[in-house]
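Student: Contents of protein_5.pdb (PDB, C-alpha atoms and all ligand atoms) are below:
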ATOM      1  CA  MET F  29      66.782 -56.909-169.960
ATOM      2  CA  GLU F  30      66.968 -53.259-168.909
ATOM      3  CA  ILE F  31      63.988 -51.077-169.741
ATOM      4  CA  ILE F  32      64.986 -47.431-169.533
ATOM      5  CA  SER F  33      62.553 -44.585-169.926
ATOM      6  CA  VAL F  34      63.748 -41.081-170.674
ATOM      7  CA  ASN F  35      61.377 -38.809-168.941
ATOM      8  CA  ILE F  36      60.656 -35.238-167.854
ATOM      9  CA  THR F  37      57.392 -33.313-167.896
ATOM     10  CA  LYS F  38      58.725 -30.329-169.767
ATOM     11  CA  GLY F  39      59.007 -30.475-173.567
ATOM     12  CA  GLY F  40      62.193 -29.571-175.421
ATOM     13  CA  CYS F  41      64.513 -31.018-172.775
ATOM     14  CA  GLY F  42      66.158 -33.556-175.071
ATOM     15  CA  LYS F  43      64.126 -36.692-174.288
ATOM     16  CA  THR F  44      63.794 -37.757-177.902
ATOM     17  CA  THR F  45      67.376 -36.856-178.814
ATOM     18  CA  THR F  46      68.707 -38.747-175.786
ATOM     19  CA  VAL F  47      66.784 -41.901-176.730
ATOM     20  CA  GLN F  48      67.982 -41.586-180.329
ATOM     21  CA  MET F  49      71.638 -41.115-179.360
ATOM     22  CA  LEU F  50      71.588 -43.900-176.756
ATOM     23  CA  GLY F  51      69.990 -46.217-179.296
ATOM     24  CA  GLU F  52      72.632 -45.428-181.916
ATOM     25  CA  ILE F  53      75.639 -45.606-179.582
ATOM     26  CA  LEU F  54      74.576 -48.707-177.617
ATOM     27  CA  SER F  55      74.003 -50.470-180.924
ATOM     28  CA  ARG F  56      77.137 -49.330-182.794
ATOM     29  CA  ASP F  57      79.718 -49.275-179.997
ATOM     30  CA  TYR F  58      78.356 -51.830-177.513
ATOM     31  CA  LYS F  59      76.722 -54.230-180.023
ATOM     32  CA  LYS F  60      73.541 -54.234-177.953
ATOM     33  CA  LYS F  61      70.246 -55.282-179.465
ATOM     34  CA  ILE F  62      68.050 -52.247-178.912
ATOM     35  CA  LEU F  63      64.323 -51.656-179.123
ATOM     36  CA  CYS F  64      63.083 -48.061-178.897
ATOM     37  CA  ILE F  65      59.449 -47.300-178.120
ATOM     38  CA  ASP F  66      57.878 -43.999-179.142
ATOM     39  CA  THR F  67      55.090 -43.253-176.654
ATOM     40  CA  ASP F  68      54.709 -39.605-177.699
ATOM     41  CA  PRO F  69      51.655 -38.867-179.919
ATOM     42  CA  GLN F  70      53.878 -36.310-181.690
ATOM     43  CA  CYS F  71      55.955 -39.259-182.930
ATOM     44  CA  ASN F  72      59.214 -37.261-183.037
ATOM     45  CA  LEU F  73      61.395 -40.292-182.309
ATOM     46  CA  THR F  74      59.766 -42.229-185.137
ATOM     47  CA  THR F  75      60.371 -39.335-187.525
ATOM     48  CA  VAL F  76      64.010 -38.675-186.577
ATOM     49  CA  SER F  77      64.664 -42.411-186.895
ATOM     50  CA  GLY F  78      63.947 -42.057-190.605
ATOM     51  CA  ILE F  79      60.617 -43.843-190.500
ATOM     52  CA  ASN F  80      57.630 -42.787-192.555
ATOM     53  CA  LEU F  81      54.615 -43.031-190.256
ATOM     54  CA  MET F  82      52.147 -43.539-193.089
ATOM     55  CA  ALA F  83      54.189 -46.413-194.470
ATOM     56  CA  CYS F  84      54.022 -48.184-191.088
ATOM     57  CA  GLY F  85      50.271 -48.689-191.439
ATOM     58  CA  ASP F  86      49.059 -49.958-188.095
ATOM     59  CA  ARG F  87      52.444 -51.207-186.938
ATOM     60  CA  ASN F  88      52.666 -48.829-183.993
ATOM     61  CA  LEU F  89      52.307 -48.492-180.244
ATOM     62  CA  TYR F  90      48.591 -47.793-180.366
ATOM     63  CA  THR F  91      47.943 -51.135-182.083
ATOM     64  CA  LEU F  92      50.187 -52.866-179.550
ATOM     65  CA  LEU F  93      48.417 -51.349-176.543
ATOM     66  CA  LYS F  94      45.031 -52.202-178.045
ATOM     67  CA  GLY F  95      46.243 -55.809-178.192
ATOM     68  CA  GLU F  96      45.424 -56.002-181.915
ATOM     69  CA  ARG F  97      48.855 -57.330-182.967
ATOM     70  CA  PRO F  98      51.709 -58.989-181.034
ATOM     71  CA  LEU F  99      54.869 -57.006-180.332
ATOM     72  CA  ASN F 100      56.871 -58.461-183.226
ATOM     73  CA  ASP F 101      54.217 -57.310-185.693
ATOM     74  CA  CYS F 102      54.397 -53.735-184.370
ATOM     75  CA  ILE F 103      58.173 -53.355-184.756
ATOM     76  CA  VAL F 104      59.877 -51.471-187.610
ATOM     77  CA  LYS F 105      63.631 -51.526-188.287
ATOM     78  CA  SER F 106      65.848 -48.462-188.518
ATOM     79  CA  LYS F 107      69.587 -48.475-189.163
ATOM     80  CA  TYR F 108      70.833 -48.877-185.582
ATOM     81  CA  TYR F 109      67.803 -50.045-183.625
ATOM     82  CA  ASP F 110      64.329 -51.485-183.903
ATOM     83  CA  ILE F 111      61.428 -49.249-183.006
ATOM     84  CA  VAL F 112      57.767 -49.444-182.117
ATOM     85  CA  PRO F 113      56.531 -46.307-183.900
ATOM     86  CA  GLY F 114      54.269 -43.796-182.203
ATOM     87  CA  SER F 115      50.780 -42.918-183.392
ATOM     88  CA  LEU F 116      48.696 -39.763-183.405
ATOM     89  CA  LEU F 117      45.929 -41.889-181.857
ATOM     90  CA  LEU F 118      47.990 -42.094-178.668
ATOM     91  CA  ALA F 119      46.738 -38.571-177.961
ATOM     92  CA  TYR F 120      43.487 -40.218-176.819
ATOM     93  CA  ALA F 121      45.181 -42.782-174.581
ATOM     94  CA  ASP F 122      43.807 -41.380-171.328
ATOM     95  CA  THR F 123      40.203 -41.920-172.365
ATOM     96  CA  GLU F 124      40.720 -44.870-174.725
ATOM     97  CA  PHE F 125      42.425 -47.159-172.229
ATOM     98  CA  ASN F 126      40.231 -47.080-169.176
ATOM     99  CA  GLN F 127      40.194 -50.700-168.072
ATOM    100  CA  LEU F 128      41.376 -51.862-164.672
ATOM    101  CA  GLY F 129      45.147 -52.330-164.556
ATOM    102  CA  ARG F 130      45.701 -50.037-167.507
ATOM    103  CA  GLU F 131      49.006 -48.795-166.110
ATOM    104  CA  TYR F 132      50.427 -52.302-166.765
ATOM    105  CA  LEU F 133      49.429 -52.407-170.450
ATOM    106  CA  LEU F 134      52.857 -51.539-171.862
ATOM    107  CA  LYS F 135      54.761 -53.687-169.372
ATOM    108  CA  GLU F 136      52.664 -56.735-170.265
ATOM    109  CA  GLN F 137      53.293 -56.240-173.979
ATOM    110  CA  ILE F 138      57.089 -55.918-173.749
ATOM    111  CA  GLU F 139      58.212 -58.060-170.821
ATOM    112  CA  ASP F 140      58.951 -61.117-172.979
ATOM    113  CA  ALA F 141      60.730 -59.141-175.717
ATOM    114  CA  ASN F 142      64.073 -60.427-176.934
ATOM    115  CA  TYR F 143      66.321 -57.345-176.642
ATOM    116  CA  ASP F 144      69.295 -56.335-174.502
ATOM    117  CA  ILE F 145      67.876 -52.908-173.749
ATOM    118  CA  ILE F 146      64.533 -51.225-174.372
ATOM    119  CA  LEU F 147      64.535 -47.415-174.490
ATOM    120  CA  ILE F 148      61.242 -45.583-174.021
ATOM    121  CA  ASP F 149      60.725 -42.020-175.262
ATOM    122  CA  THR F 150      57.921 -40.295-173.376
ATOM    123  CA  PRO F 151      55.543 -37.396-174.021
ATOM    124  CA  PRO F 152      55.751 -34.068-172.183
ATOM    125  CA  SER F 153      52.764 -34.762-169.943
ATOM    126  CA  LEU F 154      51.869 -36.516-166.722
ATOM    127  CA  GLY F 155      49.167 -38.694-168.255
ATOM    128  CA  LEU F 156      48.653 -42.408-168.690
ATOM    129  CA  LEU F 157      51.392 -42.863-171.318
ATOM    130  CA  ASN F 158      53.930 -41.656-168.792
ATOM    131  CA  ILE F 159      52.550 -43.818-166.007
ATOM    132  CA  MET F 160      52.610 -46.848-168.336
ATOM    133  CA  SER F 161      56.212 -46.102-169.294
ATOM    134  CA  LEU F 162      57.364 -45.722-165.703
ATOM    135  CA  THR F 163      55.484 -48.853-164.680
ATOM    136  CA  ALA F 164      57.232 -50.853-167.415
ATOM    137  CA  SER F 165      60.727 -49.487-166.688
ATOM    138  CA  THR F 166      63.593 -50.743-164.578
ATOM    139  CA  LYS F 167      65.350 -47.375-164.772
ATOM    140  CA  ILE F 168      64.662 -43.764-165.638
ATOM    141  CA  ILE F 169      66.957 -41.100-167.044
ATOM    142  CA  ILE F 170      65.892 -37.494-166.579
ATOM    143  CA  PRO F 171      67.286 -35.095-169.177
ATOM    144  CA  THR F 172      67.027 -31.425-168.428
ATOM    145  CA  GLU F 173      68.046 -28.198-170.037
ATOM    146  CA  CYS F 174      69.531 -25.450-167.980
ATOM    147  CA  SER F 175      66.393 -23.532-167.042
ATOM    148  CA  TYR F 176      64.194 -22.777-164.090
ATOM    149  CA  LEU F 177      61.150 -24.230-165.901
ATOM    150  CA  ALA F 178      62.972 -27.531-166.366
ATOM    151  CA  MET F 179      63.508 -27.642-162.603
ATOM    152  CA  ILE F 180      59.757 -27.238-162.080
ATOM    153  CA  GLY F 181      59.237 -30.100-164.547
ATOM    154  CA  LEU F 182      61.609 -32.222-162.505
ATOM    155  CA  ASP F 183      59.734 -31.460-159.318
ATOM    156  CA  GLN F 184      56.430 -32.516-160.927
ATOM    157  CA  LEU F 185      58.025 -35.686-162.256
ATOM    158  CA  SER F 186      59.368 -36.602-158.826
ATOM    159  CA  ASN F 187      55.809 -36.742-157.456
ATOM    160  CA  THR F 188      54.770 -39.044-160.305
ATOM    161  CA  ILE F 189      57.769 -41.308-159.661
ATOM    162  CA  GLU F 190      56.831 -41.560-155.989
ATOM    163  CA  SER F 191      53.285 -42.488-156.865
ATOM    164  CA  VAL F 192      54.392 -45.103-159.435
ATOM    165  CA  ARG F 193      56.762 -46.625-156.881
ATOM    166  CA  LYS F 194      53.954 -46.828-154.379
ATOM    167  CA  HIS F 195      51.326 -48.339-156.678
ATOM    168  CA  SER F 196      52.759 -50.104-159.700
ATOM    169  CA  ASN F 197      56.564 -50.370-159.782
ATOM    170  CA  LYS F 198      58.312 -50.535-156.437
ATOM    171  CA  GLY F 199      61.739 -51.177-157.953
ATOM    172  CA  LEU F 200      61.879 -48.164-160.297
ATOM    173  CA  GLU F 201      65.367 -46.628-160.073
ATOM    174  CA  ILE F 202      66.472 -43.175-161.194
ATOM    175  CA  SER F 203      69.803 -43.638-162.996
ATOM    176  CA  GLY F 204      70.474 -39.929-162.957
ATOM    177  CA  ILE F 205      69.836 -36.449-164.270
ATOM    178  CA  LEU F 206      71.447 -35.522-167.579
ATOM    179  CA  MET F 207      72.103 -31.890-168.444
ATOM    180  CA  VAL F 208      71.504 -31.197-172.129
ATOM    181  CA  LYS F 209      72.084 -28.130-174.300
ATOM    182  CA  TYR F 210      74.787 -27.335-171.787
ATOM    183  CA  ASN F 211      76.633 -24.039-171.957
ATOM    184  CA  ALA F 212      79.211 -23.788-169.191
ATOM    185  CA  ARG F 213      79.670 -20.048-169.829
ATOM    186  CA  ALA F 214      76.035 -19.012-169.351
ATOM    187  CA  ASN F 215      75.485 -17.251-166.026
ATOM    188  CA  ILE F 216      72.414 -19.258-165.113
ATOM    189  CA  THR F 217      74.199 -22.591-165.575
ATOM    190  CA  SER F 218      75.896 -22.750-162.193
ATOM    191  CA  ALA F 219      72.721 -21.733-160.330
ATOM    192  CA  VAL F 220      70.628 -24.383-162.114
ATOM    193  CA  LEU F 221      73.346 -26.993-161.659
ATOM    194  CA  ALA F 222      73.440 -26.279-157.918
ATOM    195  CA  GLY F 223      69.628 -26.569-157.768
ATOM    196  CA  LEU F 224      69.737 -29.848-159.663
ATOM    197  CA  GLN F 225      72.429 -31.271-157.361
ATOM    198  CA  LYS F 226      70.184 -30.510-154.412
ATOM    199  CA  MET F 227      67.127 -32.073-156.056
ATOM    200  CA  SER F 228      69.113 -35.110-157.117
ATOM    201  CA  SER F 229      70.178 -35.906-153.571
ATOM    202  CA  LYS F 230      66.552 -35.577-152.463
ATOM    203  CA  LEU F 231      65.682 -38.100-155.179
ATOM    204  CA  HIS F 232      68.572 -40.369-154.114
ATOM    205  CA  THR F 233      70.214 -40.080-157.491
ATOM    206  CA  LYS F 234      72.961 -37.983-159.116
ATOM    207  CA  VAL F 235      73.611 -35.509-161.881
ATOM    208  CA  PHE F 236      75.681 -37.332-164.517
ATOM    209  CA  ASP F 237      79.235 -35.998-164.874
ATOM    210  CA  SER F 238      78.804 -35.920-168.652
ATOM    211  CA  LYS F 239      76.924 -32.885-169.916
ATOM    212  CA  ILE F 240      75.604 -32.579-173.458
ATOM    213  CA  ARG F 241      76.688 -29.503-175.374
ATOM    214  CA  GLU F 242      74.462 -27.735-177.879
ATOM    215  CA  THR F 243      75.331 -28.062-181.550
ATOM    216  CA  VAL F 244      73.432 -27.377-184.733
ATOM    217  CA  LYS F 245      74.563 -30.781-186.041
ATOM    218  CA  VAL F 246      71.843 -32.459-183.957
ATOM    219  CA  LYS F 247      69.108 -30.379-185.563
ATOM    220  CA  GLU F 248      70.619 -30.851-189.025
ATOM    221  CA  ALA F 249      70.706 -34.640-188.714
ATOM    222  CA  GLN F 250      67.174 -34.777-187.347
ATOM    223  CA  SER F 251      65.824 -32.537-190.107
ATOM    224  CA  GLN F 252      67.364 -34.858-192.699
ATOM    225  CA  GLN F 253      66.114 -37.948-190.804
ATOM    226  CA  GLU F 254      69.676 -39.276-190.743
ATOM    227  CA  PRO F 255      71.218 -41.034-187.746
ATOM    228  CA  ILE F 256      73.228 -38.420-185.830
ATOM    229  CA  LEU F 257      76.240 -40.786-185.807
ATOM    230  CA  ASP F 258      76.185 -40.877-189.613
ATOM    231  CA  TRP F 259      75.658 -37.137-190.019
ATOM    232  CA  ASP F 260      78.626 -36.059-187.900
ATOM    233  CA  SER F 261      80.168 -38.663-185.686
ATOM    234  CA  SER F 262      82.713 -36.261-184.178
ATOM    235  CA  CYS F 263      80.551 -33.250-183.260
ATOM    236  CA  SER F 264      80.511 -32.088-179.645
ATOM    237  CA  ALA F 265      77.086 -33.546-178.781
ATOM    238  CA  VAL F 266      78.080 -36.978-180.128
ATOM    239  CA  LYS F 267      81.316 -36.927-178.089
ATOM    240  CA  ASP F 268      79.281 -35.960-175.031
ATOM    241  CA  TYR F 269      76.667 -38.651-175.607
ATOM    242  CA  ILE F 270      79.434 -41.249-176.053
ATOM    243  CA  ALA F 271      80.895 -40.228-172.672
ATOM    244  CA  PHE F 272      77.428 -40.268-171.129
ATOM    245  CA  THR F 273      76.683 -43.746-172.523
ATOM    246  CA  MET F 274      79.883 -45.056-170.936
ATOM    247  CA  GLU F 275      78.852 -43.534-167.616
ATOM    248  CA  LEU F 276      75.394 -45.078-167.929
ATOM    249  CA  VAL F 277      76.618 -48.538-168.917
ATOM    250  CA  ASN F 278      78.731 -48.577-165.743
ATOM    251  CA  VAL F 279      75.654 -48.207-163.567
ATOM    252  CA  LEU F 280      73.362 -50.606-165.439
TER     253      LEU F 280
HETATM  254  N1  LIG I 301      72.565 -31.228-177.959
HETATM  255  C1  LIG I 301      71.710 -30.541-178.732
HETATM  256  N2  LIG I 301      72.170 -29.533-179.505
HETATM  257  C2  LIG I 301      71.316 -28.817-180.265
HETATM  258  N3  LIG I 301      70.006 -29.022-180.343
HETATM  259  C3  LIG I 301      69.492 -30.024-179.605
HETATM  260  C4  LIG I 301      70.300 -30.831-178.769
HETATM  261  N4  LIG I 301      69.486 -31.743-178.155
HETATM  262  C5  LIG I 301      68.247 -31.516-178.607
HETATM  263  N5  LIG I 301      68.231 -30.486-179.475
HETATM  264  C6  LIG I 301      67.077 -29.897-180.150
HETATM  265  O1  LIG I 301      66.186 -29.371-179.180
HETATM  266  C7  LIG I 301      64.835 -29.630-179.521
HETATM  267  C8  LIG I 301      64.184 -30.437-178.416
HETATM  268  O2  LIG I 301      64.860 -31.681-178.273
HETATM  269  P1  LIG I 301      64.032 -33.026-178.119
HETATM  270  O3  LIG I 301      65.023 -34.119-178.040
HETATM  271  O4  LIG I 301      63.003 -33.129-179.201
HETATM  272  O5  LIG I 301      63.341 -32.786-176.710
HETATM  273  P2  LIG I 301      62.004 -33.412-176.082
HETATM  274  O6  LIG I 301      61.840 -34.773-176.649
HETATM  275  O7  LIG I 301      62.267 -33.399-174.607
HETATM  276  O8  LIG I 301      60.871 -32.496-176.442
HETATM  277  C9  LIG I 301      64.880 -30.376-180.852
HETATM  278  O9  LIG I 301      64.672 -29.433-181.877
HETATM  279  C10 LIG I 301      66.291 -30.929-180.941
HETATM  280  O10 LIG I 301      66.736 -30.974-182.277
HETATM  281 MG    MG I 302      60.220 -35.654-177.616
END
Would you kindly transcribe this structure into structure tokens?
Ligand SMILES: Nc1ncnc2c1ncn2[C@@H]1O[C@H](COP(=O)(O)OP(=O)(O)O)[C@@H](O)[C@H]1O
Ligand SMILES: [Mg+2]
Tutor:
Amino acid sequence: MEIISVNITKGGCGKTTTVQMLGEILSRDYKKKILCIDTDPQCNLTTVSGINLMACGDRNLYTLLKGERPLNDCIVKSKYYDIVPGSLLLAYADTEFNQLGREYLLKEQIEDANYDIILIDTPPSLGLLNIMSLTASTKIIIPTECSYLAMIGLDQLSNTIESVRKHSNKGLEISGILMVKYNARANITSAVLAGLQKMSSKLHTKVFDSKIRETVKVKEAQSQQEPILDWDSSCSAVKDYIAFTMELVNVL
């Protein structure tokens, strides 16, 4: 079972959208059994997956981490994948979960799960939820938009990855860096791409050949809480994510 977390410190870099698209495509086109986990207290992945948080009651990640219900009782189904919904209570994770070995909490709860691939969406922070996610993961994908601030986010994340490798997950691999909201014609693009290539070789990984273009269809689908594949299965971002998924599957 691969456990892949999609991670970068900066918000708005396409973490949630990348998890959503990978979940949809790996399920529809590769017939994989997928579990997504929403570790962000903002619960964006839960919402865009068409799930009403209130209706979930206490079936969510907070309950799972508290050990109050087993994994299967915290899972909700959406059209293409199963999901452990997020919870606003996760905002207090850093103070709430203070026992010894807390970085292993998520790993312990999901290691016996019966899925082909688990995808973890992470919050834009360097706190415990991120450490837990990286500790539980076999691989990490780093999405980034074409900006200088995203490169700073990547630099911060690389320190966290080093520390997780040292203390709680020696085998954590970086699958690659994915450029999202890509606009080949923008002047800054080539400078950021060059910077990312440099950083990626320092991190012993690569920038994926596939780049994700920006299209309003993504925002439309998410605002209607429809799967992006159902909203417009031939828009540019979907084509790009399909190419990216193929590239990813080849290195899994
Ligand atoms: N390829 C894309 N084209 C257009 N908008 C996008 C695309 N990818 C993400 N977005 C939008 O950008 C915003 C941030 O994306 P999101 O996936 O939520 O990032 P993060 O989880 O890193 O904060 C969201 O409003 C989302 O709808
Ligand atoms: Mg998000």
Student: Report as a CSV table (one decimal) with C-alpha atoms, in the coordinates of the input the residues that result from applying the PyMOL selection byres (((chain F and resi 148) around 12) and not hetatm) to the structure here.
Tutor:
chain,number,residue,atom,x,y,z
F,30,GLU,CA,67.0,-53.3,-168.9
F,31,ILE,CA,64.0,-51.1,-169.7
F,32,ILE,CA,65.0,-47.4,-169.5
F,33,SER,CA,62.6,-44.6,-169.9
F,34,VAL,CA,63.7,-41.1,-170.7
F,35,ASN,CA,61.4,-38.8,-168.9
F,43,LYS,CA,64.1,-36.7,-174.3
F,44,THR,CA,63.8,-37.8,-177.9
F,45,THR,CA,67.4,-36.9,-178.8
F,46,THR,CA,68.7,-38.7,-175.8
F,47,VAL,CA,66.8,-41.9,-176.7
F,48,GLN,CA,68.0,-41.6,-180.3
F,50,LEU,CA,71.6,-43.9,-176.8
F,51,GLY,CA,70.0,-46.2,-179.3
F,62,ILE,CA,68.0,-52.2,-178.9
F,63,LEU,CA,64.3,-51.7,-179.1
F,64,CYS,CA,63.1,-48.1,-178.9
F,65,ILE,CA,59.4,-47.3,-178.1
F,66,ASP,CA,57.9,-44.0,-179.1
F,67,THR,CA,55.1,-43.3,-176.7
F,68,ASP,CA,54.7,-39.6,-177.7
F,73,LEU,CA,61.4,-40.3,-182.3
F,74,THR,CA,59.8,-42.2,-185.1
F,89,LEU,CA,52.3,-48.5,-180.2
F,110,ASP,CA,64.3,-51.5,-183.9
F,111,ILE,CA,61.4,-49.2,-183.0
F,112,VAL,CA,57.8,-49.4,-182.1
F,113,PRO,CA,56.5,-46.3,-183.9
F,114,GLY,CA,54.3,-43.8,-182.2
F,134,LEU,CA,52.9,-51.5,-171.9
F,135,LYS,CA,54.8,-53.7,-169.4
F,138,ILE,CA,57.1,-55.9,-173.7
F,145,ILE,CA,67.9,-52.9,-173.7
F,146,ILE,CA,64.5,-51.2,-174.4
F,147,LEU,CA,64.5,-47.4,-174.5
F,149,ASP,CA,60.7,-42.0,-175.3
F,150,THR,CA,57.9,-40.3,-173.4
F,151,PRO,CA,55.5,-37.4,-174.0
F,157,LEU,CA,51.4,-42.9,-171.3
F,158,ASN,CA,53.9,-41.7,-168.8
F,159,ILE,CA,52.6,-43.8,-166.0
F,160,MET,CA,52.6,-46.8,-168.3
F,161,SER,CA,56.2,-46.1,-169.3
F,162,LEU,CA,57.4,-45.7,-165.7
F,163,THR,CA,55.5,-48.9,-164.7
F,164,ALA,CA,57.2,-50.9,-167.4
F,165,SER,CA,60.7,-49.5,-166.7
F,166,THR,CA,63.6,-50.7,-164.6
F,167,LYS,CA,65.4,-47.4,-164.8
F,168,ILE,CA,64.7,-43.8,-165.6
F,169,ILE,CA,67.0,-41.1,-167.0
F,170,ILE,CA,65.9,-37.5,-166.6
Student: So how far away is atom CA of F:Leu200 from atom N1 of ligand LIG 301 (chain I), in Å?
Tutor: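 Distance reported for this atom pair: 26.7 Å.
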Student: Which distance in Å separates atom CA of F:Gln250 and atom CA of F:Ile103, to one decimal?
Tutor: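 One can read the atom CA of F:Gln250 to atom CA of F:Ile103 distance as 20.8 Å.
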Student: May I ask you to write as a ChimeraX atom specification all residues lying at most 10 Å from ligand LIG 301 (chain I), with all atoms listed in the file counted?
Tutor: /F:34-49,68,70-73,76,149-152,170-173,207-210,239-251,263-266,268-269
Student: Ranking F:Ala178, F:Leu92, F:Ile205, F:Leu231 by minimum distance to F:Glu136 and counting all atoms listed in the file, which one comes first?
Tutor: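 Comparing F:Ala178, F:Leu92, F:Ile205, F:Leu231 against F:Glu136, the winner is F:Leu92.
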Student: So how many Å separate atom CA of F:Asn142 and atom CA of F:Cys102, to one decimal?
Tutor: 13.9 Å
Student: Which residues fall under the PyMOL selection byres (((chain F and resi 184-186) around 8) and not hetatm) in this file, as number ranges by chain?
Tutor: F: 36-37, 154, 180-183, 187-190, 231
Student: With all atoms listed in the file as the counted atoms, please give the residues lying no more than 12 Å from F:Ser218, apart from itself and same-chain residues fewer than 5 positions off, as a list in words.
Tutor: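 What passes the distance filter is Cys174, Ser175, Tyr176, Met207, Tyr210, Asn211, Ala212, Arg213, Gly223, Leu224 and Gln225 of chain F.
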Student: Which residues match the PyMOL selection byres (((chain F and resi 60) around 9) and not hetatm) in the file above, as an mmCIF file with C-alpha atoms, in the coordinates of the input?
Tutor:
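As written to disk, out.cif reads:
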data_model
loop_
_atom_site.group_PDB
_atom_site.id
_atom_site.type_symbol
_atom_site.label_atom_id
_atom_site.label_comp_id
_atom_site.auth_asym_id
_atom_site.auth_seq_id
_atom_site.Cartn_x
_atom_site.Cartn_y
_atom_site.Cartn_z
ATOM 1 C CA GLY F 51 69.990 -46.217 -179.296
ATOM 2 C CA LEU F 54 74.576 -48.707 -177.617
ATOM 3 C CA SER F 55 74.003 -50.470 -180.924
ATOM 4 C CA ARG F 56 77.137 -49.330 -182.794
ATOM 5 C CA ASP F 57 79.718 -49.275 -179.997
ATOM 6 C CA TYR F 58 78.356 -51.830 -177.513
ATOM 7 C CA LYS F 59 76.722 -54.230 -180.023
ATOM 8 C CA LYS F 61 70.246 -55.282 -179.465
ATOM 9 C CA ILE F 62 68.050 -52.247 -178.912
ATOM 10 C CA TYR F 143 66.321 -57.345 -176.642
ATOM 11 C CA ASP F 144 69.295 -56.335 -174.502
ATOM 12 C CA ILE F 145 67.876 -52.908 -173.749
#
Student: For F:Cys84, which residue out of F:Asn100, F:Ser229, F:Ser115, F:Asn126 is the nearest one, using only C-alpha atoms?
Tutor: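 Nearest to F:Cys84: F:Ser115.
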Student: Would you kindly identify which residues have an atom no farther than 6 Å from (65.0, -47.8, -190.1), using all atoms listed in the file and the file's own coordinates, and write them out as a ChimeraX atom specification?
Tutor: /F:78-79,105-107
